[in-house]
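Participant: Supplied in structure tokens, the structure appears directly below.
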Amino acid sequence: MRTVTLTKPSEFAAAWSEQYDRLAWTFADMLGKKVRVTAEIGCGDGQLTIPLAKRASNLQFVLVDRFANTVHGSYSRNYRSLRSNLKKMKLMKRARIVVSDYSRWIATQDDETYDAVISSEFLPEIDSAETKQFIRECYRLLRPRGVAVHSFLSPVPRNIRQKFLIIADSNPVWTNTPPKEWFSPKPKLVIKELRESGFHRIRRKVIRSNLVIKADAARSLLRSWEIKDSFFKAHEESLNTRGFEIPDWVIISAVKSQRVGWNMLGHNFSCRLKRWEKTRQVNVGQKA
């Protein structure tokens with residue numbers, strides 16, 4: 001695929017949509033034709049949901065996101081955009097939206113409920129300890145032979161333009177919303193956690209974005225990511241001449257085995273016990 005260079009903010013929406021179209025093809029291939037009930041964690045405004053639903057008519061979605069306010073309220077707008085996009089594409093009957101923190105929602109879900117658990121750009125929002133727990137919970141929620149697919153931008157830059165963007169979006173000097181631990185997790189760590197949780201048939205695919213962004217387009221995108229004005233002042237010339245490049249996409253899939261190991265049996269029991277304790281506390285409170 002040829003490299004696309006954007007200089008105007010008006011060009012970005014179509015280019016970003018094309019990125020997620022390419023991701024959707026890969027997700028659809030990794031999920032296969034037998035998957036139906038699919039939980040998407042951190043769905044946002046449906047940037048992956050919509051193209052994936054168009055390519056995989058077998059999927060029924062449970063879309064989970066807290067849609068919380070940030071400094072500029074960008075995520076809260078995602079809820080309205082998601083509903084609008086689903087209605088526009090006539091997908092409301094295939095999707096149920098859940099407004100919730102992901103961990104609270106997961107704690108309410110029974111074992112082996114879903115055929116697939118997916119996410120895109122969700123793992124960068126949590127840290128290594130949370131990633132370990134999240135992947136174990138994905139395993140618990142999946143039915144035997146269920147599929148987990150997670151995508152994120154590579155934390156390892158392939159060139160100076162990609163490094164430029166990673167620094168801007170992860171260094172507290174430059175961003176108002178620094179990550180908890182990383183720009184994105186290293187693929188090897190995600191694969192390790194999947195394997196230790198009991199998943200098998202682990203696949204990794206890398207898709208080059210080939211998307212270079214300069215000038216006003218670069219400034220517009222970075223402001224939407226809540227990059228500080230000081231970054232623009234310090235790197236004005238670089239943004240105009242060299243710009244930055246969206247890092248490569250990493251997509252990792254894994255399948256739940258039919259046989260559950262002792263570690264996961266213990267984990268499942270622990271999760272059930274926690275849910276029972278929460279229910280008991282609520283009941284006691286109501287009686288009081």
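FYI, nothing fancy with the structure tokens labels: chains A, B, ... in order, residues from 1 per chain, ligands from 1 as they appear.
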Just want the 8 Å neighbourhood of stretch 1-18 of chain A, counted on only C-alpha atoms, with same-chain residues fewer than 3 positions away dropped. Output as an MDAnalysis selection string.

Facilitator: chainID A and resid 21:22 47 210:218 220:221

Participant: Mind listing the strand (DSSP E) residues of stretch 159-217 of chain A, per DSSP on the backbone, as number ranges by chain?

Facilitator: A: 199-207, 211-213

Participant: Do a neighbour search on stretch 113-117 of chain A at 7 Å with only C-alpha atoms, toss out local chain neighbours closer than 5 positions, and write the hits as a PDB file with N, CA and C atoms, in the first residue's frame.

Facilitator:
ATOM      1  N   VAL A  35     -18.537 -17.303  14.950  1.00  0.00           N
ATOM      2  CA  VAL A  35     -18.684 -16.411  16.100  1.00  0.00           C
ATOM      3  C   VAL A  35     -19.960 -15.593  15.957  1.00  0.00           C
ATOM      4  N   ARG A  36     -20.693 -15.456  17.070  1.00  0.00           N
ATOM      5  CA  ARG A  36     -21.911 -14.638  17.049  1.00  0.00           C
ATOM      6  C   ARG A  36     -21.849 -13.553  18.134  1.00  0.00           C
ATOM      7  N   VAL A  37     -22.087 -13.923  19.380  1.00  0.00           N
ATOM      8  CA  VAL A  37     -22.186 -12.923  20.449  1.00  0.00           C
ATOM      9  C   VAL A  37     -20.787 -12.397  20.792  1.00  0.00           C
ATOM     10  N   THR A  38     -20.581 -11.118  20.524  1.00  0.00           N
ATOM     11  CA  THR A  38     -19.255 -10.504  20.630  1.00  0.00           C
ATOM     12  C   THR A  38     -19.285  -9.306  21.556  1.00  0.00           C
ATOM     13  N   ALA A  39     -18.437  -9.318  22.568  1.00  0.00           N
ATOM     14  CA  ALA A  39     -18.296  -8.171  23.464  1.00  0.00           C
ATOM     15  C   ALA A  39     -17.112  -7.338  22.999  1.00  0.00           C
ATOM     16  N   GLU A  40     -17.363  -6.054  22.769  1.00  0.00           N
ATOM     17  CA  GLU A  40     -16.276  -5.141  22.413  1.00  0.00           C
ATOM     18  C   GLU A  40     -16.043  -4.189  23.576  1.00  0.00           C
ATOM     19  N   CYS A 138     -11.089 -12.251  30.072  1.00  0.00           N
ATOM     20  CA  CYS A 138     -11.533 -12.573  28.711  1.00  0.00           C
ATOM     21  C   CYS A 138     -11.670 -14.083  28.547  1.00  0.00           C
ATOM     22  N   LEU A 141     -14.818 -15.292  30.334  1.00  0.00           N
ATOM     23  CA  LEU A 141     -16.074 -14.917  29.680  1.00  0.00           C
ATOM     24  C   LEU A 141     -16.341 -15.710  28.405  1.00  0.00           C
ATOM     25  N   LEU A 142     -15.288 -16.208  27.789  1.00  0.00           N
ATOM     26  CA  LEU A 142     -15.444 -16.886  26.499  1.00  0.00           C
ATOM     27  C   LEU A 142     -15.929 -18.320  26.650  1.00  0.00           C
ATOM     28  N   ARG A 143     -16.763 -18.726  25.716  1.00  0.00           N
ATOM     29  CA  ARG A 143     -17.147 -20.123  25.612  1.00  0.00           C
ATOM     30  C   ARG A 143     -15.959 -20.920  25.066  1.00  0.00           C
ATOM     31  N   GLY A 146     -13.970 -20.016  21.983  1.00  0.00           N
ATOM     32  CA  GLY A 146     -14.205 -18.596  21.782  1.00  0.00           C
ATOM     33  C   GLY A 146     -12.915 -17.889  21.404  1.00  0.00           C
ATOM     34  N   VAL A 147     -13.046 -16.702  20.822  1.00  0.00           N
ATOM     35  CA  VAL A 147     -11.899 -16.000  20.258  1.00  0.00           C
ATOM     36  C   VAL A 147     -11.728 -14.628  20.916  1.00  0.00           C
ATOM     37  N   ALA A 148     -10.489 -14.306  21.251  1.00  0.00           N
ATOM     38  CA  ALA A 148     -10.135 -12.960  21.709  1.00  0.00           C
ATOM     39  C   ALA A 148      -9.292 -12.301  20.627  1.00  0.00           C
ATOM     40  N   VAL A 149      -9.630 -11.061  20.283  1.00  0.00           N
ATOM     41  CA  VAL A 149      -8.838 -10.309  19.307  1.00  0.00           C
ATOM     42  C   VAL A 149      -8.639  -8.896  19.844  1.00  0.00           C
TER      43      VAL A 149
END

Participant: Report, in Å with one decimal, the straight-line distance from atom CA of A:Val62 to atom CA of A:Thr131.

Facilitator: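 Rounded to one decimal, the two atoms are 20.3 Å apart.
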
Participant: When you draw a straight line from atom CA of A:Pro247 to atom CA of A:Ser151, how long is it in Å?

Facilitator: 12.2 Å

Participant: Considering only C-alpha atoms, tabulate each residue of stretch 133-182 of chain A that lies at most 12 Å from stretch 101-109 of chain A along with its nearest interatomic pair and the corresponding distance in Å to one decimal; arrange the rows by chain and ascending residue number and present them as a tab-separated table.

Facilitator:
residue	atom	partner	partner_atom	distance
A:Gln133	CA	A:Ser103	CA	9.5
A:Phe134	CA	A:Ser103	CA	8.0
A:Ile135	CA	A:Ile106	CA	11.3
A:Arg136	CA	A:Ile106	CA	11.0
A:Glu137	CA	A:Ile106	CA	7.4
A:Cys138	CA	A:Ile106	CA	8.7
A:Tyr139	CA	A:Ile106	CA	11.4
A:Arg140	CA	A:Gln109	CA	9.4
A:Leu141	CA	A:Gln109	CA	7.2
A:Leu142	CA	A:Gln109	CA	10.5

Participant: Generate the output file for the selected residues, N, CA and C atoms, as a short mmCIF file (atom, residue, chain, number, x, y, z; two decimals), in the first residue's frame.

Facilitator:
data_model
loop_
_atom_site.label_atom_id
_atom_site.label_comp_id
_atom_site.auth_asym_id
_atom_site.auth_seq_id
_atom_site.Cartn_x
_atom_site.Cartn_y
_atom_site.Cartn_z
N GLN A 133 -4.96 -9.15 34.31
CA GLN A 133 -6.27 -9.49 34.85
C GLN A 133 -7.33 -9.48 33.75
N PHE A 134 -7.26 -8.49 32.87
CA PHE A 134 -8.23 -8.36 31.79
C PHE A 134 -8.20 -9.58 30.87
N ILE A 135 -7.02 -10.03 30.51
CA ILE A 135 -6.91 -11.18 29.61
C ILE A 135 -7.42 -12.45 30.28
N ARG A 136 -7.16 -12.59 31.57
CA ARG A 136 -7.69 -13.75 32.29
C ARG A 136 -9.21 -13.72 32.34
N GLU A 137 -9.75 -12.51 32.48
CA GLU A 137 -11.20 -12.38 32.49
C GLU A 137 -11.80 -12.64 31.10
N CYS A 138 -11.09 -12.25 30.07
CA CYS A 138 -11.53 -12.57 28.71
C CYS A 138 -11.67 -14.08 28.55
N TYR A 139 -10.70 -14.80 29.06
CA TYR A 139 -10.73 -16.26 28.98
C TYR A 139 -11.96 -16.80 29.71
N ARG A 140 -12.23 -16.25 30.88
CA ARG A 140 -13.38 -16.72 31.67
C ARG A 140 -14.70 -16.45 30.95
N LEU A 141 -14.82 -15.29 30.33
CA LEU A 141 -16.07 -14.92 29.68
C LEU A 141 -16.34 -15.71 28.41
N LEU A 142 -15.29 -16.21 27.79
CA LEU A 142 -15.44 -16.89 26.50
C LEU A 142 -15.93 -18.32 26.65
#

Participant: Mind giving me the straight-line distance from atom CA of A:Ser224 to atom CA of A:Gly44 in Å, one decimal?

Facilitator: 14.2 Å

Participant: Considering only C-alpha atoms, return as a list of chain:residue names whatever protein or nucleic-acid residues lie within 8 Å of A:Ile41, sequence-local ones (same chain, fewer than 4 positions apart) excluded.

Facilitator: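 Once the nearby chain positions are removed, what remains is A:Leu63, A:Val64, A:Asp65, A:Tyr102, A:Val117, A:Ile118, A:Ser119, A:Ser120, A:Phe122.
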
Participant: Please produce a file of the residues just selected, as an mmCIF file, in the first residue's frame, where the atoms kept are C-alpha atoms.

Facilitator:
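Output (selection_9.cif):
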data_model
loop_
_atom_site.group_PDB
_atom_site.id
_atom_site.type_symbol
_atom_site.label_atom_id
_atom_site.label_comp_id
_atom_site.auth_asym_id
_atom_site.auth_seq_id
_atom_site.Cartn_x
_atom_site.Cartn_y
_atom_site.Cartn_z
ATOM 1 C CA LEU A 63 -20.586 -2.586 23.236
ATOM 2 C CA VAL A 64 -18.970 -1.576 26.530
ATOM 3 C CA ASP A 65 -17.497 1.845 27.256
ATOM 4 C CA TYR A 102 -15.000 -2.299 31.880
ATOM 5 C CA VAL A 117 -14.173 -10.569 23.227
ATOM 6 C CA ILE A 118 -12.481 -7.866 21.180
ATOM 7 C CA SER A 119 -10.930 -4.433 21.597
ATOM 8 C CA SER A 120 -9.051 -1.834 19.601
ATOM 9 C CA PHE A 122 -8.093 -0.372 24.709
#

Participant: I'd like to know which of A:Ile126, A:Gly46, A:Arg66, A:Asn171 is closest to A:Lys87, using only C-alpha atoms.

Facilitator: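 The shortest atom-to-atom distance to A:Lys87 comes from A:Gly46.
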
Participant: Which neighbours of stretch 177-191 of chain A fall inside 8 Å, counting only C-alpha atoms, when residues of the same chain fewer than 5 positions from it are skipped, and could you give them as an mmCIF file with C-alpha atoms, in the first residue's frame?

Facilitator:
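part-v5.cif was written with the following content:
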data_model
loop_
_atom_site.group_PDB
_atom_site.id
_atom_site.type_symbol
_atom_site.label_atom_id
_atom_site.label_comp_id
_atom_site.auth_asym_id
_atom_site.auth_seq_id
_atom_site.Cartn_x
_atom_site.Cartn_y
_atom_site.Cartn_z
ATOM 1 C CA LEU A 123 -4.951 -2.060 26.071
ATOM 2 C CA PRO A 124 -2.972 1.223 25.891
ATOM 3 C CA GLU A 125 -5.463 2.672 28.419
ATOM 4 C CA ILE A 126 -4.579 0.176 31.166
ATOM 5 C CA ASP A 127 -1.316 -0.954 32.766
ATOM 6 C CA SER A 128 0.486 -4.301 32.869
ATOM 7 C CA THR A 131 -3.772 -6.230 31.274
ATOM 8 C CA PHE A 152 -3.261 -1.473 19.227
ATOM 9 C CA LEU A 153 -0.644 0.800 17.709
ATOM 10 C CA SER A 154 2.863 -0.599 17.998
ATOM 11 C CA PRO A 155 4.963 0.898 20.821
ATOM 12 C CA VAL A 156 8.114 0.184 18.801
ATOM 13 C CA ILE A 166 4.804 8.140 20.366
ATOM 14 C CA ASP A 169 1.318 11.079 23.103
ATOM 15 C CA SER A 170 3.095 9.433 26.039
ATOM 16 C CA ASN A 171 5.516 11.955 27.558
ATOM 17 C CA PRO A 172 3.880 13.936 30.431
ATOM 18 C CA ILE A 202 -2.208 -17.343 19.111
ATOM 19 C CA GLU A 226 -4.998 16.608 24.206
ATOM 20 C CA ILE A 227 -1.363 17.366 23.396
ATOM 21 C CA VAL A 250 -0.627 -4.860 15.851
ATOM 22 C CA ILE A 252 -3.316 -10.373 18.173
#
